$ cat query-v2.txt   # compact mmCIF, C-alpha atoms and all ligand atoms
# COMPACT_ATOMS: atom_id res chain seq x y z
CA MET A 204 -80.77 161.86 106.99
CA ARG A 205 -78.04 160.12 108.96
CA ILE A 206 -78.06 160.52 112.74
CA ASP A 207 -75.21 159.40 114.99
CA ILE A 208 -75.45 159.43 118.78
CA VAL A 209 -72.54 159.08 121.21
CA THR A 210 -73.64 158.07 124.74
CA ILE A 211 -72.69 155.92 127.72
CA PHE A 212 -76.25 154.58 127.69
CA PRO A 213 -76.76 153.20 124.15
CA THR A 214 -79.81 151.12 125.10
CA PHE A 215 -81.58 154.37 126.04
CA PHE A 216 -82.19 154.83 122.33
CA ASP A 217 -83.77 151.42 121.70
CA VAL A 218 -87.09 153.26 121.68
CA LEU A 219 -86.07 154.67 118.28
CA ASP A 220 -86.88 151.22 116.88
CA ILE A 221 -90.62 151.86 117.23
CA SER A 222 -93.31 154.30 116.06
CA LEU A 223 -92.82 156.84 113.29
CA LEU A 224 -89.06 157.08 113.67
CA GLY A 225 -88.75 153.30 113.67
CA LYS A 226 -90.74 153.18 110.42
CA ALA A 227 -88.56 155.96 108.98
CA ARG A 228 -85.49 153.87 109.75
CA GLN A 229 -87.02 150.79 108.12
CA SER A 230 -87.87 152.80 105.01
CA GLY A 231 -84.37 154.31 104.86
CA LEU A 232 -85.53 157.90 105.42
CA ILE A 233 -83.38 157.96 108.55
CA THR A 234 -80.17 156.01 109.20
CA LEU A 235 -79.19 155.77 112.87
CA GLY A 236 -75.86 154.93 114.46
CA VAL A 237 -75.65 154.66 118.29
CA HIS A 238 -72.10 154.60 119.67
CA ASP A 239 -71.13 153.54 123.18
CA LEU A 240 -68.53 156.01 124.44
CA ARG A 241 -67.03 153.28 126.64
CA ASP A 242 -66.04 151.40 123.48
CA HIS A 243 -63.47 154.18 123.08
CA THR A 244 -61.79 153.65 126.44
CA HIS A 245 -58.73 151.48 126.89
CA ASP A 246 -58.51 150.77 130.59
CA ARG A 247 -59.89 147.87 132.57
CA HIS A 248 -62.64 150.01 134.13
CA ARG A 249 -63.61 151.65 130.83
CA THR A 250 -63.21 155.06 132.48
CA VAL A 251 -64.93 158.04 130.85
CA ASP A 252 -64.63 160.69 133.61
CA ASP A 253 -62.19 162.24 136.01
CA THR A 254 -61.99 164.99 138.66
CA PRO A 255 -62.23 168.60 137.46
CA TYR A 256 -59.13 170.80 137.21
CA GLY A 257 -59.58 173.76 139.56
CA GLY A 258 -61.54 171.62 142.00
CA GLY A 259 -65.28 171.51 142.54
CA ALA A 260 -67.91 168.83 142.98
CA GLY A 261 -68.65 166.10 140.48
CA MET A 262 -66.68 164.64 137.61
CA VAL A 263 -65.88 165.81 134.07
CA MET A 264 -65.97 163.58 130.99
CA LYS A 265 -62.45 162.87 129.74
CA PRO A 266 -61.53 164.19 126.25
CA GLU A 267 -59.74 161.09 124.93
CA PRO A 268 -62.75 158.76 124.54
CA TRP A 269 -64.77 161.57 122.98
CA GLY A 270 -61.98 162.41 120.56
CA GLU A 271 -61.69 158.81 119.43
CA ALA A 272 -65.46 158.31 119.14
CA LEU A 273 -65.97 161.50 117.13
CA ASP A 274 -62.93 160.77 114.93
CA GLY A 275 -64.62 157.57 113.80
CA ILE A 276 -67.89 159.37 113.01
CA LEU A 277 -66.46 162.49 111.40
CA GLU A 278 -63.84 160.72 109.27
CA GLY A 279 -65.23 160.79 105.73
CA ALA A 280 -68.47 162.44 106.91
CA SER A 281 -70.03 165.08 104.70
CA ASP A 282 -70.39 168.34 106.62
CA PRO A 283 -72.34 167.09 109.68
CA VAL A 284 -73.73 169.27 112.46
CA VAL A 285 -72.47 168.07 115.87
CA ILE A 286 -74.96 168.88 118.61
CA PHE A 287 -74.11 168.71 122.31
CA PRO A 288 -77.20 169.03 124.52
CA SER A 289 -76.43 171.46 127.32
CA PRO A 290 -78.35 173.82 129.64
CA ALA A 291 -75.71 176.36 128.58
CA GLY A 292 -76.67 176.02 124.91
CA GLU A 293 -78.82 177.98 122.50
CA VAL A 294 -82.53 177.24 122.97
CA PHE A 295 -83.89 174.56 120.63
CA THR A 296 -87.19 175.72 119.11
CA GLN A 297 -89.53 174.63 116.33
CA ALA A 298 -87.57 176.92 114.02
CA THR A 299 -84.37 175.10 115.01
CA ALA A 300 -86.08 171.77 114.30
CA ARG A 301 -87.12 173.00 110.85
CA GLU A 302 -83.59 174.25 110.15
CA LEU A 303 -81.91 171.00 111.25
CA ALA A 304 -84.43 168.85 109.34
CA GLN A 305 -82.77 170.19 106.20
CA GLU A 306 -79.39 168.72 107.16
CA GLN A 307 -78.04 165.43 105.79
CA HIS A 308 -76.06 164.35 108.86
CA LEU A 309 -76.54 165.14 112.54
CA VAL A 310 -74.30 163.92 115.36
CA PHE A 311 -75.49 164.11 118.98
CA GLY A 312 -72.91 163.98 121.80
CA CYS A 313 -74.62 163.09 125.09
CA GLY A 314 -72.69 164.39 128.06
CA ARG A 315 -73.11 163.16 131.62
CA TYR A 316 -71.75 164.09 135.07
CA GLU A 317 -70.71 167.76 135.21
CA GLY A 318 -70.18 167.86 131.47
CA ILE A 319 -67.58 167.21 128.81
CA ASP A 320 -64.02 168.63 128.78
CA GLN A 321 -64.24 171.92 126.84
CA ARG A 322 -61.43 170.86 124.53
CA VAL A 323 -63.78 168.29 122.95
CA PHE A 324 -66.02 171.11 121.74
CA ASP A 325 -63.00 173.12 120.57
CA ASP A 326 -61.37 170.17 118.77
CA THR A 327 -64.63 169.19 117.08
CA ALA A 328 -65.40 172.77 116.05
CA ALA A 329 -62.09 172.79 114.13
CA ARG A 330 -63.52 170.22 111.69
CA ALA A 331 -67.33 170.36 111.93
CA ARG A 332 -70.19 172.71 112.76
CA VAL A 333 -70.72 172.43 116.53
CA ARG A 334 -73.83 173.64 118.39
CA LEU A 335 -74.55 173.41 122.10
CA MET A 336 -78.34 173.21 122.44
CA SER A 337 -80.80 173.40 125.31
CA ILE A 338 -84.37 172.09 125.24
CA GLY A 339 -85.30 174.40 128.14
CA ASP A 340 -84.07 176.31 131.16
CA TYR A 341 -83.60 173.37 133.47
CA VAL A 342 -80.86 170.81 134.12
CA LEU A 343 -81.09 167.12 133.23
CA ASN A 344 -78.75 164.34 134.37
CA GLY A 345 -77.37 163.99 130.87
CA GLY A 346 -77.91 164.70 127.21
CA GLU A 347 -79.92 161.60 126.29
CA VAL A 348 -83.43 162.91 127.07
CA ALA A 349 -82.71 166.18 125.27
CA THR A 350 -81.28 164.26 122.30
CA MET A 351 -84.41 162.11 122.12
CA ALA A 352 -86.63 165.20 122.17
CA MET A 353 -84.64 166.90 119.45
CA ILE A 354 -84.51 163.79 117.25
CA GLU A 355 -88.29 163.45 117.51
CA ALA A 356 -88.92 167.15 116.78
CA ILE A 357 -86.51 167.09 113.81
CA GLY A 358 -87.33 163.60 112.50
CA ARG A 359 -91.07 164.24 112.16
CA LEU A 360 -90.34 167.18 109.84
CA ILE A 361 -88.38 165.05 107.37
CA PRO A 362 -90.58 164.59 104.26
CA GLY A 363 -92.21 161.16 104.26
CA VAL A 364 -91.85 160.48 108.00
CA VAL A 365 -95.31 161.76 108.93
CA GLY A 366 -97.99 160.21 106.70
CA ASN A 367 -100.05 163.36 106.13
CA PRO A 368 -97.77 166.44 105.82
CA GLU A 369 -100.87 168.61 106.23
CA SER A 370 -100.92 167.57 109.88
CA LEU A 371 -97.63 169.38 110.39
CA VAL A 372 -99.01 172.72 109.28
CA GLU A 373 -101.54 173.62 111.97
CA GLU A 374 -99.45 172.85 115.01
CA SER A 375 -98.28 174.89 117.94
CA HIS A 376 -95.37 177.16 117.05
CA GLU A 377 -95.59 176.47 113.30
CA ASP A 378 -97.22 179.88 112.71
CA GLY A 379 -95.82 181.48 115.85
CA LEU A 380 -98.99 180.80 117.85
CA LEU A 381 -100.17 177.95 120.05
CA GLU A 382 -102.55 175.52 118.38
CA TYR A 383 -106.35 175.72 118.73
CA PRO A 384 -108.30 173.18 120.85
CA SER A 385 -109.38 169.99 119.05
CA TYR A 386 -112.60 167.95 119.36
CA THR A 387 -113.93 164.68 117.93
CA LYS A 388 -117.04 162.49 118.37
CA PRO A 389 -119.22 162.25 120.41
CA ALA A 390 -120.85 165.70 120.02
CA VAL A 391 -121.72 165.66 123.75
CA TRP A 392 -119.56 163.94 126.37
CA ARG A 393 -120.35 164.08 130.10
CA GLY A 394 -122.64 167.01 129.37
CA ARG A 395 -119.90 168.92 127.57
CA GLU A 396 -120.77 169.98 124.02
CA VAL A 397 -118.46 170.50 121.06
CA PRO A 398 -118.43 174.23 120.13
CA PRO A 399 -121.40 174.60 117.69
CA VAL A 400 -119.30 176.45 115.08
CA LEU A 401 -117.34 173.20 114.54
CA LEU A 402 -120.59 171.42 113.62
CA SER A 403 -121.80 174.25 111.34
CA GLY A 404 -120.09 173.17 108.13
CA ASN A 405 -119.15 176.83 107.63
CA HIS A 406 -115.41 176.49 106.93
CA GLY A 407 -114.81 180.25 106.99
CA ALA A 408 -116.42 180.51 110.41
CA VAL A 409 -114.45 177.48 111.64
CA ASP A 410 -111.15 178.96 110.45
CA ALA A 411 -111.96 182.31 112.09
CA TRP A 412 -112.91 180.61 115.38
CA ARG A 413 -109.76 178.51 115.36
CA HIS A 414 -107.52 181.53 114.76
CA GLU A 415 -109.23 183.40 117.59
CA GLN A 416 -108.69 180.41 119.85
CA GLN A 417 -105.00 180.37 118.91
CA LEU A 418 -104.65 184.06 119.78
CA ALA A 419 -106.55 183.66 123.06
CA ARG A 420 -104.48 180.65 124.11
CA THR A 421 -101.21 182.34 123.18
CA ARG A 422 -102.14 185.55 125.03
CA ALA A 423 -103.03 183.49 128.12
CA VAL A 424 -100.15 181.01 128.18
CA ARG A 425 -97.30 182.40 126.04
CA PRO A 426 -97.66 186.17 125.58
CA ASP A 427 -93.93 186.20 124.82
CA LEU A 428 -94.70 184.57 121.45
CA LEU A 429 -96.97 187.42 120.31
CA PRO A 430 -95.43 189.97 117.91
N1 LIG B 1 -81.74 171.76 129.32
C1 LIG B 1 -81.08 170.88 128.54
O1 LIG B 1 -81.26 170.81 127.31
C2 LIG B 1 -80.10 169.98 129.18
C3 LIG B 1 -79.26 169.08 128.54
C4 LIG B 1 -78.54 168.47 129.57
N2 LIG B 1 -78.96 168.99 130.73
O2 LIG B 1 -79.93 169.91 130.51
$ encode --input "query-v2.txt" --output "structure tokens"
Amino acid sequence: MRIDIVTIFPTFFDVLDISLLGKARQSGLITLGVHDLRDHTHDRHRTVDDTPYGGGAGMVMKPEPWGEALDGILEGASDPVVIFPSPAGEVFTQATARELAQEQHLVFGCGRYEGIDQRVFDDTAARARVRLMSIGDYVLNGGEVATMAMIEAIGRLIPGVVGNPESLVEESHEDGLLEYPSYTKPAVWRGREVPPVLLSGNHGAVDAWRHEQQLARTRAVRPDLLP
């Protein structure tokens, strides 16, 4: 998978050099391009924003730098999905991550200030699949944190990125429920014992207990997920 990111804070994504995603880049499973939006400005101050038409507080990101930056990425690209993180977007879920992990090319456009001129979305949608996406019902200062979260959620689902694919199966939201509680040695810690069923060696009983724990947790914390 190729991932391109357009941002005014390119060093924000240096963290993608480490851990699983860093290894995936070294192995060629993921190819990453980080583009500084200011490289597509042509004034002395490298201006990327201006006051909003119609008035109002804050600044809006100018369309010209975005147009030039996306032209360079989309030219010759093969059917990418262009994602703009936004609190006004569709909600990004585990199902979205699974869907996007099937794509060959993702482009993330990180807005700042009060957002990006609408014509950037319209112009891009005329030549690529565009999706505004939200990682939750709250507002961030820009798209970079949301982009990082989405890249991690998507990247780990790409075959070969996570060493043991089995570990992806029994996770929260994979089967529509929250995951069960996990325990490891020692069997007793500060007077707290591991549930005896987990020490029983009875795999059927362990599976049944874990499923019940998933249901109980989901009922308590996320009843909205239950069918
Ligand atoms: N909730 C979000 O995904 C978001 C992106 C930018 N600001 O908020």
$ closest_atom_pairs --input "query-v2.txt" --of "chain A" --to "ligand LIG 1 (chain B)" --cutoff "10 Å" --atoms "all atoms listed in the file" --output "JSON lines"
{"residue": "A:Phe287", "atom": "CA", "partner": "B:LIG1", "partner_atom": "C3", "distance": 8.1}
{"residue": "A:Pro288", "atom": "CA", "partner": "B:LIG1", "partner_atom": "C3", "distance": 4.5}
{"residue": "A:Ser289", "atom": "CA", "partner": "B:LIG1", "partner_atom": "C3", "distance": 3.9}
{"residue": "A:Pro290", "atom": "CA", "partner": "B:LIG1", "partner_atom": "N1", "distance": 4.0}
{"residue": "A:Ala291", "atom": "CA", "partner": "B:LIG1", "partner_atom": "N1", "distance": 7.6}
{"residue": "A:Gly292", "atom": "CA", "partner": "B:LIG1", "partner_atom": "O1", "distance": 7.3}
{"residue": "A:Glu293", "atom": "CA", "partner": "B:LIG1", "partner_atom": "O1", "distance": 9.0}
{"residue": "A:Val294", "atom": "CA", "partner": "B:LIG1", "partner_atom": "O1", "distance": 7.9}
{"residue": "A:Phe295", "atom": "CA", "partner": "B:LIG1", "partner_atom": "O1", "distance": 8.1}
{"residue": "A:Cys313", "atom": "CA", "partner": "B:LIG1", "partner_atom": "C4", "distance": 8.0}
{"residue": "A:Gly314", "atom": "CA", "partner": "B:LIG1", "partner_atom": "C4", "distance": 7.3}
{"residue": "A:Arg315", "atom": "CA", "partner": "B:LIG1", "partner_atom": "C4", "distance": 7.9}
{"residue": "A:Tyr316", "atom": "CA", "partner": "B:LIG1", "partner_atom": "N2", "distance": 9.7}
{"residue": "A:Glu317", "atom": "CA", "partner": "B:LIG1", "partner_atom": "N2", "distance": 9.5}
{"residue": "A:Gly318", "atom": "CA", "partner": "B:LIG1", "partner_atom": "C4", "distance": 8.6}
{"residue": "A:Leu335", "atom": "CA", "partner": "B:LIG1", "partner_atom": "O1", "distance": 8.9}
{"residue": "A:Met336", "atom": "CA", "partner": "B:LIG1", "partner_atom": "O1", "distance": 6.2}
{"residue": "A:Ser337", "atom": "CA", "partner": "B:LIG1", "partner_atom": "O1", "distance": 3.3}
{"residue": "A:Ile338", "atom": "CA", "partner": "B:LIG1", "partner_atom": "O1", "distance": 3.9}
{"residue": "A:Gly339", "atom": "CA", "partner": "B:LIG1", "partner_atom": "N1", "distance": 4.6}
{"residue": "A:Asp340", "atom": "CA", "partner": "B:LIG1", "partner_atom": "N1", "distance": 5.4}
{"residue": "A:Tyr341", "atom": "CA", "partner": "B:LIG1", "partner_atom": "N1", "distance": 4.8}
{"residue": "A:Val342", "atom": "CA", "partner": "B:LIG1", "partner_atom": "O2", "distance": 3.8}
{"residue": "A:Leu343", "atom": "CA", "partner": "B:LIG1", "partner_atom": "N2", "distance": 3.8}
{"residue": "A:Asn344", "atom": "CA", "partner": "B:LIG1", "partner_atom": "N2", "distance": 5.9}
{"residue": "A:Gly345", "atom": "CA", "partner": "B:LIG1", "partner_atom": "C4", "distance": 4.8}
{"residue": "A:Gly346", "atom": "CA", "partner": "B:LIG1", "partner_atom": "C4", "distance": 4.5}
{"residue": "A:Glu347", "atom": "CA", "partner": "B:LIG1", "partner_atom": "C4", "distance": 7.7}
{"residue": "A:Val348", "atom": "CA", "partner": "B:LIG1", "partner_atom": "C3", "distance": 7.6}
{"residue": "A:Ala349", "atom": "CA", "partner": "B:LIG1", "partner_atom": "O1", "distance": 5.3}
{"residue": "A:Thr350", "atom": "CA", "partner": "B:LIG1", "partner_atom": "C3", "distance": 8.1}
{"residue": "A:Ala352", "atom": "CA", "partner": "B:LIG1", "partner_atom": "O1", "distance": 9.3}
{"residue": "A:Met353", "atom": "CA", "partner": "B:LIG1", "partner_atom": "O1", "distance": 9.4}
$ atom_distance --input "query-v2.txt" --atom1 "atom CA of Thr210 of chain A" --atom2 "atom CA of Asp246 of chain A"
17.8 Å
$ closest_residue --input "query-v2.txt" --among "A:Leu224, A:Val237, A:Val263, A:Ala423" --to "Gln321 of chain A" --atoms "all atoms listed in the file"
A:Val263
$ atom_distance --input "query-v2.txt" --atom1 "atom CA of Glu382 of chain A" --atom2 "atom CA of Arg413 of chain A"
8.4 Å
$ closest_residue --input "query-v2.txt" --among "A:Leu402, A:Val310, A:Val364, A:Ile206" --to "Val284 of chain A" --atoms "all atoms listed in the file"
A:Val310
$ residues_around --input "query-v2.txt" --residues "Arg359 of chain A" --least-positions-apart "3" --cutoff "12 Å" --atoms "all atoms listed in the file" --output "PDB file with C-alpha atoms, in the coordinates of the input"
ATOM      1  CA  MET A 204     -80.770 161.860 106.990  1.00  0.00           C
ATOM      2  CA  SER A 222     -93.310 154.300 116.060  1.00  0.00           C
ATOM      3  CA  LEU A 223     -92.820 156.840 113.290  1.00  0.00           C
ATOM      4  CA  LEU A 224     -89.060 157.080 113.670  1.00  0.00           C
ATOM      5  CA  GLY A 225     -88.750 153.300 113.670  1.00  0.00           C
ATOM      6  CA  LYS A 226     -90.740 153.180 110.420  1.00  0.00           C
ATOM      7  CA  ALA A 227     -88.560 155.960 108.980  1.00  0.00           C
ATOM      8  CA  LEU A 232     -85.530 157.900 105.420  1.00  0.00           C
ATOM      9  CA  ILE A 233     -83.380 157.960 108.550  1.00  0.00           C
ATOM     10  CA  GLN A 297     -89.530 174.630 116.330  1.00  0.00           C
ATOM     11  CA  ALA A 300     -86.080 171.770 114.300  1.00  0.00           C
ATOM     12  CA  ARG A 301     -87.120 173.000 110.850  1.00  0.00           C
ATOM     13  CA  LEU A 303     -81.910 171.000 111.250  1.00  0.00           C
ATOM     14  CA  ALA A 304     -84.430 168.850 109.340  1.00  0.00           C
ATOM     15  CA  GLN A 305     -82.770 170.190 106.200  1.00  0.00           C
ATOM     16  CA  ALA A 352     -86.630 165.200 122.170  1.00  0.00           C
ATOM     17  CA  MET A 353     -84.640 166.900 119.450  1.00  0.00           C
ATOM     18  CA  ILE A 354     -84.510 163.790 117.250  1.00  0.00           C
ATOM     19  CA  GLU A 355     -88.290 163.450 117.510  1.00  0.00           C
ATOM     20  CA  ALA A 356     -88.920 167.150 116.780  1.00  0.00           C
ATOM     21  CA  PRO A 362     -90.580 164.590 104.260  1.00  0.00           C
ATOM     22  CA  GLY A 363     -92.210 161.160 104.260  1.00  0.00           C
ATOM     23  CA  VAL A 364     -91.850 160.480 108.000  1.00  0.00           C
ATOM     24  CA  VAL A 365     -95.310 161.760 108.930  1.00  0.00           C
ATOM     25  CA  GLY A 366     -97.990 160.210 106.700  1.00  0.00           C
ATOM     26  CA  ASN A 367    -100.050 163.360 106.130  1.00  0.00           C
ATOM     27  CA  PRO A 368     -97.770 166.440 105.820  1.00  0.00           C
ATOM     28  CA  SER A 370    -100.920 167.570 109.880  1.00  0.00           C
ATOM     29  CA  LEU A 371     -97.630 169.380 110.390  1.00  0.00           C
ATOM     30  CA  VAL A 372     -99.010 172.720 109.280  1.00  0.00           C
TER      31      VAL A 372
END
$ atom_distance --input "query-v2.txt" --atom1 "atom CA of Tyr383 of chain A" --atom2 "atom CA of Gln417 of chain A"
4.8 Å
$ closest_residue --input "query-v2.txt" --among "A:Glu415, A:Ile208, A:Leu380, A:Val397" --to "His308 of chain A" --atoms "all atoms listed in the file"
A:Ile208
$ closest_residue --input "query-v2.txt" --among "A:Ile319, A:Val209, A:Pro283, A:Phe216" --to "Thr254 of chain A" --atoms "only C-alpha atoms"
A:Ile319
$ closest_residue --input "query-v2.txt" --among "A:Glu396, A:Asp378, A:Asp207, A:Asp320" --to "Leu429 of chain A" --atoms "all atoms listed in the file"
A:Asp378
$ closest_residue --input "query-v2.txt" --among "A:Ser385, A:Ser230, A:Thr299, A:Ser375" --to "Leu418 of chain A" --atoms "all atoms listed in the file"
A:Ser375
$ axis_aligned_box --input "query-v2.txt" --around "segment 383-389 of chain A" --padding-each-side "5 Å" --output "JSON"
{"center_x": -112.8, "center_y": 169.0, "center_z": 119.4, "size_x": 22.9, "size_y": 23.5, "size_z": 12.9}
$ build_atoms --input "query-v2.txt" --residues "segment 396-406 of chain A" --atoms "all heavy atoms" --output "CSV table (one decimal), keeping the file's coordinate frame"
chain,number,residue,atom,x,y,z
A,396,GLU,N,-120.5,170.0,125.5
A,396,GLU,CA,-120.8,170.0,124.0
A,396,GLU,C,-119.6,170.5,123.2
A,396,GLU,O,-118.8,171.3,123.7
A,396,GLU,CB,-122.0,170.9,123.8
A,396,GLU,CG,-123.3,170.4,124.4
A,396,GLU,CD,-124.4,171.4,124.0
A,396,GLU,OE1,-124.2,172.3,123.3
A,396,GLU,OE2,-125.5,171.2,124.5
A,397,VAL,N,-119.4,170.0,122.0
A,397,VAL,CA,-118.5,170.5,121.1
A,397,VAL,C,-118.9,171.9,120.6
A,397,VAL,O,-120.1,172.1,120.5
A,397,VAL,CB,-118.4,169.6,119.8
A,397,VAL,CG1,-117.5,170.2,118.7
A,397,VAL,CG2,-117.8,168.2,120.2
A,398,PRO,N,-118.0,172.9,120.6
A,398,PRO,CA,-118.4,174.2,120.1
A,398,PRO,C,-119.3,174.2,118.8
A,398,PRO,O,-118.8,173.6,117.8
A,398,PRO,CB,-117.1,175.0,119.9
A,398,PRO,CG,-116.1,174.3,120.9
A,398,PRO,CD,-116.6,172.8,120.9
A,399,PRO,N,-120.5,174.7,118.8
A,399,PRO,CA,-121.4,174.6,117.7
A,399,PRO,C,-120.8,175.0,116.4
A,399,PRO,O,-121.1,174.4,115.3
A,399,PRO,CB,-122.6,175.5,118.1
A,399,PRO,CG,-122.5,175.6,119.6
A,399,PRO,CD,-121.1,175.5,120.0
A,400,VAL,N,-119.9,176.0,116.4
A,400,VAL,CA,-119.3,176.4,115.1
A,400,VAL,C,-118.6,175.3,114.4
A,400,VAL,O,-118.6,175.2,113.1
A,400,VAL,CB,-118.3,177.6,115.3
A,400,VAL,CG1,-117.1,177.1,116.1
A,400,VAL,CG2,-117.9,178.2,114.0
A,401,LEU,N,-118.1,174.3,115.1
A,401,LEU,CA,-117.3,173.2,114.5
A,401,LEU,C,-118.3,172.2,113.9
A,401,LEU,O,-117.8,171.4,113.1
A,401,LEU,CB,-116.5,172.5,115.6
A,401,LEU,CG,-115.4,173.4,116.2
A,401,LEU,CD1,-114.6,172.6,117.3
A,401,LEU,CD2,-114.5,174.0,115.2
A,402,LEU,N,-119.6,172.3,114.2
A,402,LEU,CA,-120.6,171.4,113.6
A,402,LEU,C,-121.4,172.1,112.5
A,402,LEU,O,-122.2,171.6,111.9
A,402,LEU,CB,-121.6,171.0,114.7
A,402,LEU,CG,-121.0,170.3,116.0
A,402,LEU,CD1,-122.0,170.0,117.0
A,402,LEU,CD2,-120.1,169.1,115.6
A,403,SER,N,-121.0,173.4,112.2
A,403,SER,CA,-121.8,174.2,111.3
A,403,SER,C,-121.5,173.9,109.9
A,403,SER,O,-122.4,174.3,109.0
A,403,SER,CB,-121.5,175.7,111.6
A,403,SER,OG,-120.1,176.0,111.2
A,404,GLY,N,-120.4,173.4,109.5
A,404,GLY,CA,-120.1,173.2,108.1
A,404,GLY,C,-119.7,174.4,107.4
A,404,GLY,O,-119.4,174.5,106.2
A,405,ASN,N,-119.6,175.5,108.2
A,405,ASN,CA,-119.2,176.8,107.6
A,405,ASN,C,-117.6,177.0,107.8
A,405,ASN,O,-117.2,177.4,108.9
A,405,ASN,CB,-119.9,178.0,108.3
A,405,ASN,CG,-119.5,179.3,107.8
A,405,ASN,OD1,-118.4,179.5,107.2
A,405,ASN,ND2,-120.3,180.3,108.0
A,406,HIS,N,-116.9,176.6,106.8
A,406,HIS,CA,-115.4,176.5,106.9
A,406,HIS,C,-114.8,177.8,107.3
A,406,HIS,O,-113.8,177.9,108.0
A,406,HIS,CB,-114.8,175.9,105.6
A,406,HIS,CG,-115.3,174.5,105.4
A,406,HIS,ND1,-115.0,173.4,106.3
A,406,HIS,CD2,-116.0,174.0,104.4
A,406,HIS,CE1,-115.6,172.3,105.8
A,406,HIS,NE2,-116.2,172.6,104.6
